[in-house]
$ cat target-v9.cif   # mmCIF, C-alpha atoms
data_run
loop_
_atom_site.label_atom_id
_atom_site.label_comp_id
_atom_site.auth_asym_id
_atom_site.auth_seq_id
_atom_site.Cartn_x
_atom_site.Cartn_y
_atom_site.Cartn_z
CA MET S 326 -14.03 25.19 6.40
CA PRO S 327 -12.85 24.99 2.78
CA ILE S 328 -9.29 26.10 3.60
CA ILE S 329 -8.85 23.35 6.22
CA ASP S 330 -10.36 20.82 3.80
CA ARG S 331 -7.87 21.88 1.12
CA PHE S 332 -4.98 21.70 3.57
CA MET S 333 -6.00 18.23 4.75
CA ARG S 334 -6.42 17.05 1.13
CA LEU S 335 -2.88 18.28 0.45
CA VAL S 336 -1.20 16.67 3.46
CA GLY S 337 -3.36 13.54 3.27
CA ASN S 338 -2.71 12.77 -0.38
CA ASP S 339 -0.50 9.90 -1.45
CA TYR S 340 2.60 11.95 -2.27
CA PHE S 341 3.00 15.24 -0.36
CA ILE S 342 4.16 14.23 3.14
CA LEU S 343 5.90 11.02 2.12
CA THR S 344 7.87 12.77 -0.64
CA GLY S 345 8.81 15.56 1.77
CA MET S 346 9.98 13.03 4.35
CA ALA S 347 11.97 11.14 1.71
CA LEU S 348 13.67 14.43 0.73
CA VAL S 349 14.65 15.02 4.38
CA VAL S 350 16.10 11.50 4.44
CA PHE S 351 17.97 12.24 1.18
CA THR S 352 19.39 15.42 2.77
CA LEU S 353 20.41 13.51 5.89
CA TRP S 354 22.52 11.13 3.78
CA PHE S 355 24.86 14.02 2.92
CA SER S 356 24.72 15.75 6.32
CA GLY S 357 26.87 15.51 9.43
CA ARG S 358 29.33 17.62 11.44
CA ASP S 359 32.19 15.15 10.82
CA PRO S 360 32.65 11.79 9.03
CA GLU S 361 31.56 9.81 12.16
CA HIS S 362 28.36 11.84 12.53
CA ARG S 363 27.67 11.50 8.83
CA GLU S 364 28.18 7.73 8.98
CA ARG S 365 25.65 7.55 11.84
CA ASN S 366 23.18 9.49 9.71
CA GLN S 367 23.79 7.21 6.75
CA ARG S 368 23.17 4.11 8.86
CA ALA S 369 19.92 5.74 10.01
CA VAL S 370 18.97 6.29 6.36
CA TRP S 371 19.61 2.59 5.60
CA CYS S 372 17.51 1.66 8.61
CA ALA S 373 14.64 3.91 7.46
CA LEU S 374 14.73 2.62 3.87
CA ILE S 375 14.78 -1.04 4.88
CA GLY S 376 12.12 -0.26 7.50
CA VAL S 377 9.86 1.23 4.81
CA GLY S 378 10.31 -1.92 2.73
CA PHE S 379 9.41 -4.12 5.71
CA ALA S 380 6.43 -1.89 6.57
CA CYS S 381 5.05 -2.22 3.03
CA ALA S 382 5.47 -6.00 3.27
CA VAL S 383 3.61 -6.08 6.62
CA VAL S 384 0.77 -3.99 5.14
CA ALA S 385 0.56 -6.29 2.09
CA ILE S 386 0.41 -9.40 4.33
CA CYS S 387 -2.30 -7.84 6.53
CA ASN S 388 -4.30 -6.85 3.44
CA ALA S 389 -4.11 -10.42 2.13
CA PHE S 390 -5.72 -11.81 5.31
CA TYR S 391 -8.01 -9.03 6.53
CA ASP S 392 -10.11 -6.96 4.15
CA ARG S 393 -11.56 -4.18 6.26
CA PRO S 394 -13.93 -1.90 4.32
CA ARG S 395 -13.18 1.83 4.18
CA PRO S 396 -15.24 4.24 6.35
CA PHE S 397 -17.05 5.59 3.24
CA ASP S 398 -18.20 2.04 2.41
CA ARG S 399 -20.03 1.70 5.72
CA TYR S 400 -21.08 5.20 6.75
CA GLU S 401 -22.35 8.38 5.22
CA VAL S 402 -19.18 10.48 5.32
CA GLU S 403 -18.24 13.62 3.53
CA LEU S 404 -15.39 12.22 1.49
CA LEU S 405 -12.70 14.77 0.56
CA PHE S 406 -10.64 12.31 -1.45
CA TYR S 407 -10.91 9.70 -4.17
CA ARG S 408 -12.20 6.24 -3.17
CA PRO S 409 -9.23 3.91 -2.56
CA THR S 410 -10.03 0.29 -3.43
CA ASP S 411 -7.52 -1.48 -1.16
CA PRO S 412 -8.37 -2.57 2.41
CA SER S 413 -8.53 0.07 5.12
CA PHE S 414 -6.46 -1.71 7.79
CA PRO S 415 -3.61 -0.98 8.33
CA SER S 416 -2.95 2.46 6.86
CA ASN S 417 -0.17 2.23 4.28
CA THR S 418 0.58 5.96 4.57
CA ALA S 419 0.89 5.76 8.37
CA ALA S 420 3.06 2.63 8.14
CA THR S 421 5.44 4.27 5.65
CA ALA S 422 5.57 7.62 7.45
CA PHE S 423 6.22 6.05 10.87
CA ALA S 424 8.79 3.65 9.40
CA PHE S 425 10.66 6.68 7.98
CA ALA S 426 10.44 8.64 11.24
CA SER S 427 11.29 5.81 13.63
CA GLY S 428 14.08 4.48 11.36
CA ILE S 429 15.74 7.88 11.40
CA TRP S 430 14.99 8.34 15.13
CA LEU S 431 17.01 5.21 15.89
CA GLY S 432 20.12 6.89 14.45
CA ASN S 433 19.45 10.62 14.80
CA ARG S 434 17.08 11.63 17.60
CA THR S 435 16.68 15.29 16.55
CA VAL S 436 15.70 14.61 12.94
CA GLY S 437 13.66 11.58 14.07
CA TRP S 438 11.52 13.74 16.40
CA LEU S 439 11.13 16.30 13.60
CA LEU S 440 9.92 13.61 11.19
CA LEU S 441 7.36 12.35 13.68
CA LEU S 442 5.45 15.61 13.28
CA PRO S 443 4.62 15.14 9.55
CA ALA S 444 3.96 11.44 10.24
CA PHE S 445 1.26 12.39 12.79
CA LEU S 446 -0.07 15.14 10.52
CA ALA S 447 -0.41 12.84 7.49
CA SER S 448 -2.05 10.17 9.67
CA PHE S 449 -4.57 12.65 11.13
CA ALA S 450 -5.30 13.98 7.64
CA ARG S 451 -6.09 10.48 6.35
CA VAL S 452 -8.80 10.15 9.01
CA PHE S 453 -10.02 13.71 8.42
CA ILE S 454 -10.49 13.23 4.67
CA GLY S 455 -12.49 10.07 5.35
CA VAL S 456 -10.33 7.23 4.01
CA HIS S 457 -9.26 5.62 7.31
CA TYR S 458 -10.48 4.80 10.81
CA PRO S 459 -8.22 5.90 13.70
CA PHE S 460 -7.52 2.23 14.43
CA ASP S 461 -6.13 1.80 10.88
CA ILE S 462 -3.68 4.59 11.65
CA LEU S 463 -2.70 2.98 14.95
CA GLY S 464 -2.12 -0.35 13.19
CA GLY S 465 -0.10 1.36 10.45
CA ALA S 466 2.02 3.27 12.96
CA LEU S 467 2.74 0.11 14.95
CA ALA S 468 3.60 -1.73 11.72
CA GLY S 469 5.96 1.08 10.68
CA ILE S 470 7.72 1.32 14.06
CA SER S 471 8.15 -2.43 14.41
CA ALA S 472 9.38 -2.62 10.78
CA SER S 473 12.12 -0.08 11.59
CA LEU S 474 13.14 -2.02 14.69
CA GLY S 475 13.25 -5.14 12.51
CA ALA S 476 15.41 -3.25 9.98
CA LEU S 477 17.84 -2.25 12.76
CA LEU S 478 18.05 -5.88 13.84
CA VAL S 479 18.69 -7.02 10.26
CA LEU S 480 21.42 -4.41 9.83
CA ARG S 481 23.11 -5.64 13.02
CA ILE S 482 22.79 -9.31 12.02
CA PHE S 483 24.29 -8.66 8.58
CA GLU S 484 27.22 -6.64 9.95
CA PRO S 485 29.89 -6.16 8.51
CA PHE S 486 27.99 -6.06 5.18
CA PRO S 487 26.42 -2.59 5.83
CA THR S 488 29.85 -1.25 6.84
CA TRP S 489 31.38 -2.67 3.65
CA VAL S 490 28.61 -1.04 1.53
CA LEU S 491 29.20 2.34 3.22
CA LYS S 492 32.96 2.03 2.77
CA THR S 493 32.54 1.20 -0.92
CA MET S 494 30.18 4.16 -1.37
CA ARG S 495 32.72 6.39 0.37
CA LYS S 496 35.42 5.21 -2.03
CA LEU S 497 33.11 6.23 -4.89
CA TYR S 498 32.51 9.64 -3.18
CA LEU S 499 28.82 8.84 -2.72
CA ALA S 500 28.86 8.79 1.09
CA MET M 904 -0.74 7.36 -15.24
CA THR M 905 2.38 7.58 -17.43
CA GLN M 906 2.10 11.36 -17.37
CA LEU M 907 1.80 11.31 -13.57
CA ALA M 908 4.90 9.09 -13.37
CA VAL M 909 6.89 11.47 -15.59
CA GLU M 910 5.71 14.47 -13.57
CA TYR M 911 6.58 12.76 -10.28
CA PHE M 912 10.04 11.90 -11.64
CA PHE M 913 10.61 15.57 -12.46
CA LEU M 914 9.37 16.64 -9.03
CA ILE M 915 12.00 14.41 -7.44
CA PHE M 916 14.71 15.32 -9.93
CA ILE M 917 14.30 19.09 -9.43
CA SER M 918 13.84 18.84 -5.64
CA CYS M 919 16.93 16.63 -5.25
CA CYS M 920 18.98 19.06 -7.37
CA GLY M 921 17.89 21.73 -4.87
CA VAL M 922 18.79 19.51 -1.91
CA LEU M 923 22.24 18.81 -3.36
CA GLN M 924 22.92 22.53 -3.83
CA PHE M 925 21.76 23.16 -0.24
CA VAL M 926 24.14 20.46 1.02
CA ALA M 927 26.98 21.77 -1.18
CA ALA M 928 26.48 25.30 0.16
CA ARG M 929 26.13 24.24 3.79
CA ARG M 930 29.07 21.83 3.84
CA LYS M 931 31.23 23.93 1.48
CA LEU M 932 31.44 21.11 -1.08
CA ARG M 933 32.92 23.38 -3.75
CA GLY M 934 33.26 20.50 -6.22
CA LEU M 935 29.51 19.78 -6.12
CA SER M 936 28.29 23.36 -6.23
CA PHE M 937 26.97 25.25 -9.25
CA PHE M 938 27.76 28.60 -7.63
CA GLN M 939 30.74 30.47 -6.20
CA ARG M 940 28.77 31.93 -3.28
CA ALA M 941 26.90 29.87 -0.69
CA ILE M 942 23.94 32.28 -0.66
CA SER M 943 23.30 31.53 -4.35
CA GLY M 944 23.25 27.81 -3.52
CA TYR M 945 20.70 28.34 -0.74
CA LEU M 946 18.57 30.52 -3.01
CA PHE M 947 18.67 27.91 -5.79
CA ALA M 948 17.71 25.20 -3.26
CA VAL M 949 14.68 27.14 -1.98
CA LEU M 950 13.51 28.03 -5.48
CA ALA M 951 13.99 24.50 -6.84
CA ILE M 952 12.24 22.71 -3.95
CA ALA M 953 9.42 25.22 -3.47
CA GLY M 954 8.95 25.63 -7.23
CA ALA M 955 8.82 21.88 -7.87
CA PHE M 956 6.33 21.28 -5.03
CA CYS M 957 4.10 24.20 -6.09
CA TRP M 958 4.14 23.03 -9.71
CA PHE M 959 3.33 19.42 -8.78
CA PHE M 960 0.75 19.92 -6.02
CA ILE M 961 -0.93 23.25 -6.73
CA VAL M 962 -1.15 23.39 -10.52
CA LYS M 963 -2.89 19.98 -10.75
CA ASN M 964 -5.23 18.06 -8.46
CA ARG M 965 -3.24 15.13 -7.03
CA CYS M 966 -6.12 13.60 -5.07
CA VAL M 967 -6.64 11.04 -7.80
CA PRO M 968 -5.77 7.34 -7.95
CA GLY M 969 -2.42 6.90 -9.63
CA LEU M 970 0.89 5.34 -8.75
CA GLU M 971 1.39 2.27 -6.55
CA GLY M 972 3.74 2.52 -3.56
CA SER M 973 6.44 0.46 -5.30
CA GLU M 974 6.24 2.70 -8.38
CA VAL M 975 6.59 5.82 -6.22
CA PHE M 976 9.63 4.26 -4.53
CA ALA M 977 11.24 3.31 -7.86
CA LEU M 978 10.58 6.79 -9.28
CA PHE M 979 12.11 8.40 -6.17
CA ILE M 980 15.27 6.30 -6.50
CA ALA M 981 15.48 7.01 -10.26
CA GLY M 982 14.88 10.75 -9.79
CA SER M 983 17.40 11.12 -6.97
CA LEU M 984 20.07 9.14 -8.86
CA ALA M 985 19.47 11.19 -12.00
CA SER M 986 19.76 14.41 -9.99
CA PHE M 987 23.07 13.26 -8.46
CA ILE M 988 24.46 12.34 -11.89
CA PHE M 989 23.27 15.67 -13.33
CA THR M 990 24.67 17.69 -10.41
CA ALA M 991 28.00 15.84 -10.42
CA SER M 992 28.35 16.29 -14.21
CA LEU M 993 27.34 19.96 -14.36
CA SER M 994 29.40 20.95 -11.30
CA SER M 995 32.40 19.06 -12.71
CA VAL M 996 32.15 21.10 -15.92
CA ILE M 997 31.58 24.41 -14.08
CA ASN M 998 34.40 23.82 -11.57
CA ARG M 999 36.82 22.05 -13.92
CA LYS M 1000 39.61 24.47 -12.93
CA LEU M 1001 39.51 23.41 -9.26
CA ARG M 1002 42.91 21.98 -8.35
CA LEU M 1003 43.16 18.23 -8.01
CA SER M 1004 44.63 18.00 -4.52
CA MET M 1005 43.86 14.57 -3.17
CA GLY M 1006 45.78 11.63 -4.60
CA GLU M 1007 48.65 13.90 -5.56
CA ASP M 1008 49.22 15.90 -2.39
CA ASN M 1009 47.79 13.57 0.23
CA PRO M 1010 47.31 10.03 -1.04
CA SER M 1011 46.64 8.58 2.44
CA GLU M 1012 43.62 10.83 3.05
CA GLU M 1013 40.30 9.05 3.61
CA PRO M 1014 38.05 9.33 0.51
CA GLY M 1015 34.43 10.40 0.78
CA LEU M 1016 32.15 13.38 0.30
CA ASP M 1017 34.54 15.73 2.12
CA SER M 1018 36.99 15.34 -0.76
CA LEU M 1019 34.50 17.30 -2.88
CA LYS M 1020 35.48 20.41 -0.90
CA ARG M 1021 38.67 20.58 -2.97
CA MET M 1022 37.88 18.84 -6.25
CA THR M 1023 35.04 17.98 -8.57
CA TYR M 1024 33.30 14.60 -8.63
CA PHE M 1025 34.92 13.61 -11.93
CA GLN M 1026 38.38 14.62 -10.66
CA ALA M 1027 37.79 12.56 -7.51
CA ILE M 1028 36.68 9.48 -9.46
CA ALA M 1029 39.56 9.85 -11.96
CA GLY M 1030 42.02 10.15 -9.04
CA HIS M 1031 40.50 7.05 -7.41
CA PHE M 1032 40.96 4.91 -10.51
CA ARG M 1033 44.45 6.34 -11.15
CA ARG M 1034 45.48 5.34 -7.62
CA LYS M 1035 43.91 1.92 -8.07
CA GLY M 1036 45.81 1.44 -11.34
CA GLY M 1037 49.03 2.53 -9.60
CA GLU M 1038 48.46 0.03 -6.77
CA GLN M 1039 47.93 -2.80 -9.26
CA SER M 1040 51.07 -1.98 -11.27
CA ASN M 1041 53.18 -1.56 -8.03
CA PRO M 1042 51.91 -4.25 -5.64
#
$ encode --input "target-v9.cif" --output "structure tokens"
Amino acid sequence: MPIIDRFMRLVGNDYFILTGMALVVFTLWFSGRDPEHRERNQRAVWCALIGVGFACAVVAICNAFYDRPRPFDRYEVELLFYRPTDPSFPSNTAATAFAFASGIWLGNRTVGWLLLLPAFLASFARVFIGVHYPFDILGGALAGISASLGALLVLRIFEPFPTWVLKTMRKLYLA
Amino acid sequence: MTQLAVEYFFLIFISCCGVLQFVAARRKLRGLSFFQRAISGYLFAVLAIAGAFCWFFIVKNRCVPGLEGSEVFALFIAGSLASFIFTASLSSVINRKLRLSMGEDNPSEEPGLDSLKRMTYFQAIAGHFRRKGGEQSNP
């Protein structure tokens, strides 16, 4: 159906869902019932941002060692998207979206669950429009979740540096 | 690609301005708000975010190869920073008559975003550096 195709092209493109998720993360930075709650949210935002960085690094390393062709390279598929030239496994979009969602989930369960919904939607759309296999999505999601856990570990190891950064930002009225 | 980068920057800039007005209205951050009434802030937020997304995604086909992930990330950071600077500057001009309370009335109060409930961003920063200067001259 053309309307479903258009919807999937919208949510599966490189910007829509990820930009929306990043805006939710930006909102979360300024949100919180009280200063303690806000600080928890801000730590979650740090975790998500570092997690996204780690997830991109994991995807780049995987791409360097394993060049899996895209589904449209092997099969006759009705492609609803442009032809990406980078390797299919793991999905960069899924890795980034799940790194965002799980990074936030580690600090704020409610918003984390909410962000998982667009992460699943974007991942499903990438398969629907013909640019990924489901296994690429699974690999991307695992990369994103483990990157966020790694980010949480890094933040704990480097304590009190994250606390100092937050305190400095608070002094400059940015947090 | 340069045009796409500029357009993406504006998408982020306008959306983040909307987000900041939403936050200012919701958390009653008078010093960061463009409007007297919260409902105007919410309305601005909805129009800015929905308008920017419609303009970016509906007016043009975005299913084309374009920006790398790192470029998107850098543009997001640049756009959100620019929107904060713009919002802080404009709201400081609009609300310049807000009374400077912290630093004069309650110097021991914890700084942070909550201070923007009573003063503008520029007043807060000026108060911060005044206090710092005072601490250095009276150790």
$ resolve_selection --input "target-v9.cif" --expression "the PyMOL selection byres ((chain M and resi 931-939) around 9)" --output "PyMOL selection string"
chain M and resi 923-930+940-944+990-995+997-999+1001+1016-1024+1026
$ resolve_selection --input "target-v9.cif" --expression "the PyMOL selection byres ((chain M and resi 980) around 12)" --output "list in words"
Thr344, Ala347, Leu348, Phe351 and Leu374 of chain S; Tyr911, Phe912, Phe913, Ile915, Phe916, Cys919, Ser973, Glu974, Val975, Phe976, Ala977, Leu978, Phe979, Ala981, Gly982, Ser983, Leu984, Ala985, Ser986 and Phe987 of chain M
$ closest_residue --input "target-v9.cif" --among "S:Leu477, S:Ala468, S:Leu442, S:Leu497" --to "chain M" --atoms "only C-alpha atoms"
S:Leu497
$ closest_atom_pairs --input "target-v9.cif" --of "chain S" --to "chain M" --cutoff "9 Å" --atoms "all atoms listed in the file" --output "JSON lines"
{"residue": "S:Arg334", "atom": "CA", "partner": "M:Cys966", "partner_atom": "CA", "distance": 7.1}
{"residue": "S:Leu335", "atom": "CA", "partner": "M:Phe960", "partner_atom": "CA", "distance": 7.6}
{"residue": "S:Gly337", "atom": "CA", "partner": "M:Cys966", "partner_atom": "CA", "distance": 8.8}
{"residue": "S:Asn338", "atom": "CA", "partner": "M:Cys966", "partner_atom": "CA", "distance": 5.9}
{"residue": "S:Asp339", "atom": "CA", "partner": "M:Cys966", "partner_atom": "CA", "distance": 7.6}
{"residue": "S:Tyr340", "atom": "CA", "partner": "M:Arg965", "partner_atom": "CA", "distance": 8.2}
{"residue": "S:Phe341", "atom": "CA", "partner": "M:Phe960", "partner_atom": "CA", "distance": 7.7}
{"residue": "S:Thr344", "atom": "CA", "partner": "M:Ile915", "partner_atom": "CA", "distance": 8.1}
{"residue": "S:Ala347", "atom": "CA", "partner": "M:Phe979", "partner_atom": "CA", "distance": 8.3}
{"residue": "S:Leu348", "atom": "CA", "partner": "M:Cys919", "partner_atom": "CA", "distance": 7.2}
{"residue": "S:Val349", "atom": "CA", "partner": "M:Val922", "partner_atom": "CA", "distance": 8.8}
{"residue": "S:Phe351", "atom": "CA", "partner": "M:Cys919", "partner_atom": "CA", "distance": 7.9}
{"residue": "S:Thr352", "atom": "CA", "partner": "M:Val922", "partner_atom": "CA", "distance": 6.2}
{"residue": "S:Phe355", "atom": "CA", "partner": "M:Val926", "partner_atom": "CA", "distance": 6.8}
{"residue": "S:Ser356", "atom": "CA", "partner": "M:Val926", "partner_atom": "CA", "distance": 7.1}
{"residue": "S:Gly357", "atom": "CA", "partner": "M:Arg930", "partner_atom": "CA", "distance": 8.7}
{"residue": "S:Arg358", "atom": "CA", "partner": "M:Arg930", "partner_atom": "CA", "distance": 8.7}
{"residue": "S:Pro360", "atom": "CA", "partner": "M:Asp1017", "partner_atom": "CA", "distance": 8.2}
{"residue": "S:Cys381", "atom": "CA", "partner": "M:Gly972", "partner_atom": "CA", "distance": 8.2}
{"residue": "S:Leu405", "atom": "CA", "partner": "M:Cys966", "partner_atom": "CA", "distance": 8.7}
{"residue": "S:Phe406", "atom": "CA", "partner": "M:Cys966", "partner_atom": "CA", "distance": 5.9}
{"residue": "S:Tyr407", "atom": "CA", "partner": "M:Val967", "partner_atom": "CA", "distance": 5.8}
{"residue": "S:Arg408", "atom": "CA", "partner": "M:Pro968", "partner_atom": "CA", "distance": 8.1}
{"residue": "S:Pro409", "atom": "CA", "partner": "M:Pro968", "partner_atom": "CA", "distance": 7.3}
{"residue": "S:Asn417", "atom": "CA", "partner": "M:Gly972", "partner_atom": "CA", "distance": 8.8}
{"residue": "S:Lys492", "atom": "CA", "partner": "M:Gly1015", "partner_atom": "CA", "distance": 8.7}
{"residue": "S:Met494", "atom": "CA", "partner": "M:Gly1015", "partner_atom": "CA", "distance": 7.9}
{"residue": "S:Arg495", "atom": "CA", "partner": "M:Gly1015", "partner_atom": "CA", "distance": 4.4}
{"residue": "S:Lys496", "atom": "CA", "partner": "M:Pro1014", "partner_atom": "CA", "distance": 5.5}
{"residue": "S:Leu497", "atom": "CA", "partner": "M:Ile1028", "partner_atom": "CA", "distance": 6.6}
{"residue": "S:Tyr498", "atom": "CA", "partner": "M:Gly1015", "partner_atom": "CA", "distance": 4.5}
{"residue": "S:Leu499", "atom": "CA", "partner": "M:Leu1016", "partner_atom": "CA", "distance": 6.4}
{"residue": "S:Ala500", "atom": "CA", "partner": "M:Leu1016", "partner_atom": "CA", "distance": 5.7}
$ write_last_selection --input "target-v9.cif" --atoms "C-alpha atoms" --output "CSV table (one decimal), in the frame of the given file"
chain,number,residue,atom,x,y,z
S,334,ARG,CA,-6.4,17.0,1.1
S,335,LEU,CA,-2.9,18.3,0.4
S,337,GLY,CA,-3.4,13.5,3.3
S,338,ASN,CA,-2.7,12.8,-0.4
S,339,ASP,CA,-0.5,9.9,-1.4
S,340,TYR,CA,2.6,12.0,-2.3
S,341,PHE,CA,3.0,15.2,-0.4
S,344,THR,CA,7.9,12.8,-0.6
S,347,ALA,CA,12.0,11.1,1.7
S,348,LEU,CA,13.7,14.4,0.7
S,349,VAL,CA,14.6,15.0,4.4
S,351,PHE,CA,18.0,12.2,1.2
S,352,THR,CA,19.4,15.4,2.8
S,355,PHE,CA,24.9,14.0,2.9
S,356,SER,CA,24.7,15.8,6.3
S,357,GLY,CA,26.9,15.5,9.4
S,358,ARG,CA,29.3,17.6,11.4
S,360,PRO,CA,32.6,11.8,9.0
S,381,CYS,CA,5.0,-2.2,3.0
S,405,LEU,CA,-12.7,14.8,0.6
S,406,PHE,CA,-10.6,12.3,-1.4
S,407,TYR,CA,-10.9,9.7,-4.2
S,408,ARG,CA,-12.2,6.2,-3.2
S,409,PRO,CA,-9.2,3.9,-2.6
S,417,ASN,CA,-0.2,2.2,4.3
S,492,LYS,CA,33.0,2.0,2.8
S,494,MET,CA,30.2,4.2,-1.4
S,495,ARG,CA,32.7,6.4,0.4
S,496,LYS,CA,35.4,5.2,-2.0
S,497,LEU,CA,33.1,6.2,-4.9
S,498,TYR,CA,32.5,9.6,-3.2
S,499,LEU,CA,28.8,8.8,-2.7
S,500,ALA,CA,28.9,8.8,1.1
$ axis_aligned_box --input "target-v9.cif" --around "range 349-358 of chain S" --padding-each-side "5 Å" --output "JSON"
{"center_x": 22.0, "center_y": 14.4, "center_z": 6.3, "size_x": 24.7, "size_y": 16.5, "size_z": 20.3}
$ resolve_selection --input "target-v9.cif" --expression "the PyMOL selection byres ((chain S and resi 384-390) around 7)" --output "list in words"
Ala380, Cys381, Ala382, Val383, Tyr391, Asp392, Pro412, Pro415 and Asn417 of chain S
$ atom_distance --input "target-v9.cif" --atom1 "CA of Leu474 in chain S" --atom2 "CA of Arg451 in chain S"
24.4 Å
$ residues_around --input "target-v9.cif" --residues "Gly432 in chain S" --least-positions-apart "2" --cutoff "9 Å" --atoms "only C-alpha atoms" --output "compact mmCIF listing (two decimals) with C-alpha atoms, keeping the file's coordinate frame"
# COMPACT_ATOMS: atom_id res chain seq x y z
CA ARG S 365 25.65 7.55 11.84
CA ASN S 366 23.18 9.49 9.71
CA GLN S 367 23.79 7.21 6.75
CA ARG S 368 23.17 4.11 8.86
CA ALA S 369 19.92 5.74 10.01
CA VAL S 370 18.97 6.29 6.36
CA CYS S 372 17.51 1.66 8.61
CA SER S 427 11.29 5.81 13.63
CA GLY S 428 14.08 4.48 11.36
CA ILE S 429 15.74 7.88 11.40
CA TRP S 430 14.99 8.34 15.13
CA ARG S 434 17.08 11.63 17.60
CA GLY S 437 13.66 11.58 14.07
$ atom_distance --input "target-v9.cif" --atom1 "CA of Thr488 in chain S" --atom2 "CA of Ala373 in chain S"
16.1 Å
$ closest_residue --input "target-v9.cif" --among "S:Ala426, S:Trp371, S:Phe414, S:Asp398" --to "Arg481 in chain S" --atoms "all atoms listed in the file"
S:Trp371
$ atom_distance --input "target-v9.cif" --atom1 "CA of Pro485 in chain S" --atom2 "CA of Ala420 in chain S"
28.2 Å
$ closest_residue --input "target-v9.cif" --among "S:Met346, S:Ile329, S:Leu478, S:Val490" --to "Leu440 in chain S" --atoms "only C-alpha atoms"
S:Met346
